[in-house]
Amino acid sequence: MLPPLKRSLAALYLGVLVLLGMTYPRALAEDIALAEDIMVHSQPESPSSPQVETLAPTETPPEVQPQVPPPLPNEGLAQMETKAVAVLQALDKVTGRVHLLTVTVNQPAQFASLTLQVRSCRKSLPEDSPESAAFLEIQDTNPKGEKSTVFSGWMFASSPAVSAMEHPMFDVWVVECRN
């Protein structure tokens, strides 16, 4: 018989695993079996205590492959003009300096070890609320010369945190789109 604290922790652990439902990896199935075993063996033997029933998920969803986001749709949104140049800001977290970058659409630009490629840059019409959005592909080159994609997607000037690049040394965000 487990002490009440260990019994409570085992129940909490099992509850978290059950709440995760279909999203937990198959490797945690052993942990669920162990938690269920702890729960069964730690139940008090008095007939007045309620029995805990746990339901295991029936299947695990297939792995989701990352996909390139589609271009911004025009349906249901304010019309946006396509522009030829994206104005970006880049922060070097090591030095603390902010750099203003002007990148032409479909022309690669270099900032430190990052290669920036703007695929599309759109700006809202003057009568709509101000917004600029750019579809960026950003690659990082490591010291061995190998490139890895660190960001691919739409960035919005009005809300940079919605779709932000995660990198240990650099931040990049959209300022505006212009001709």
# chains A, B, ... in the order shown; residues from 1 in each chain; ligands from 1
call {"tool": "residues_around", "arguments": {"residues": "Val103 of chain A", "least_positions_apart": "2", "cutoff": "8 Å", "atoms": "only C-alpha atoms", "output": "list in words"}}
result
Val85, Ala86, Val87, Leu88, Leu101, Val105, Gln107, Pro108, Ala109, Gln117 and Val118 of chain A
call {"tool": "residues_around", "arguments": {"residues": "Met80 of chain A", "least_positions_apart": "2", "cutoff": "7 Å", "atoms": "only C-alpha atoms", "output": "PyMOL selection string"}}
result
chain A and resi 78+82+122-125
call {"tool": "closest_residue", "arguments": {"among": "A:Gln79, A:Ser158, A:Gln89, A:Thr115", "to": "Glu137 of chain A", "atoms": "only C-alpha atoms"}}
result
A:Thr115
call {"tool": "atom_distance", "arguments": {"atom1": "atom CA of Cys177 of chain A", "atom2": "atom CA of Ala90 of chain A"}}
result
15.4 Å
call {"tool": "atom_distance", "arguments": {"atom1": "atom CA of Met165 of chain A", "atom2": "atom CA of Leu91 of chain A"}}
result
11.4 Å
call {"tool": "atom_distance", "arguments": {"atom1": "atom CA of Ala157 of chain A", "atom2": "atom CA of Trp173 of chain A"}}
result
7.2 Å
call {"tool": "closest_residue", "arguments": {"among": "A:Ser113, A:Val175, A:Lys83, A:Arg97", "to": "Asp140 of chain A", "atoms": "only C-alpha atoms"}}
result
A:Ser113
call {"tool": "closest_residue", "arguments": {"among": "A:Ala84, A:Cys121, A:Met169, A:Ala164", "to": "Thr104 of chain A", "atoms": "only C-alpha atoms"}}
result
A:Ala84
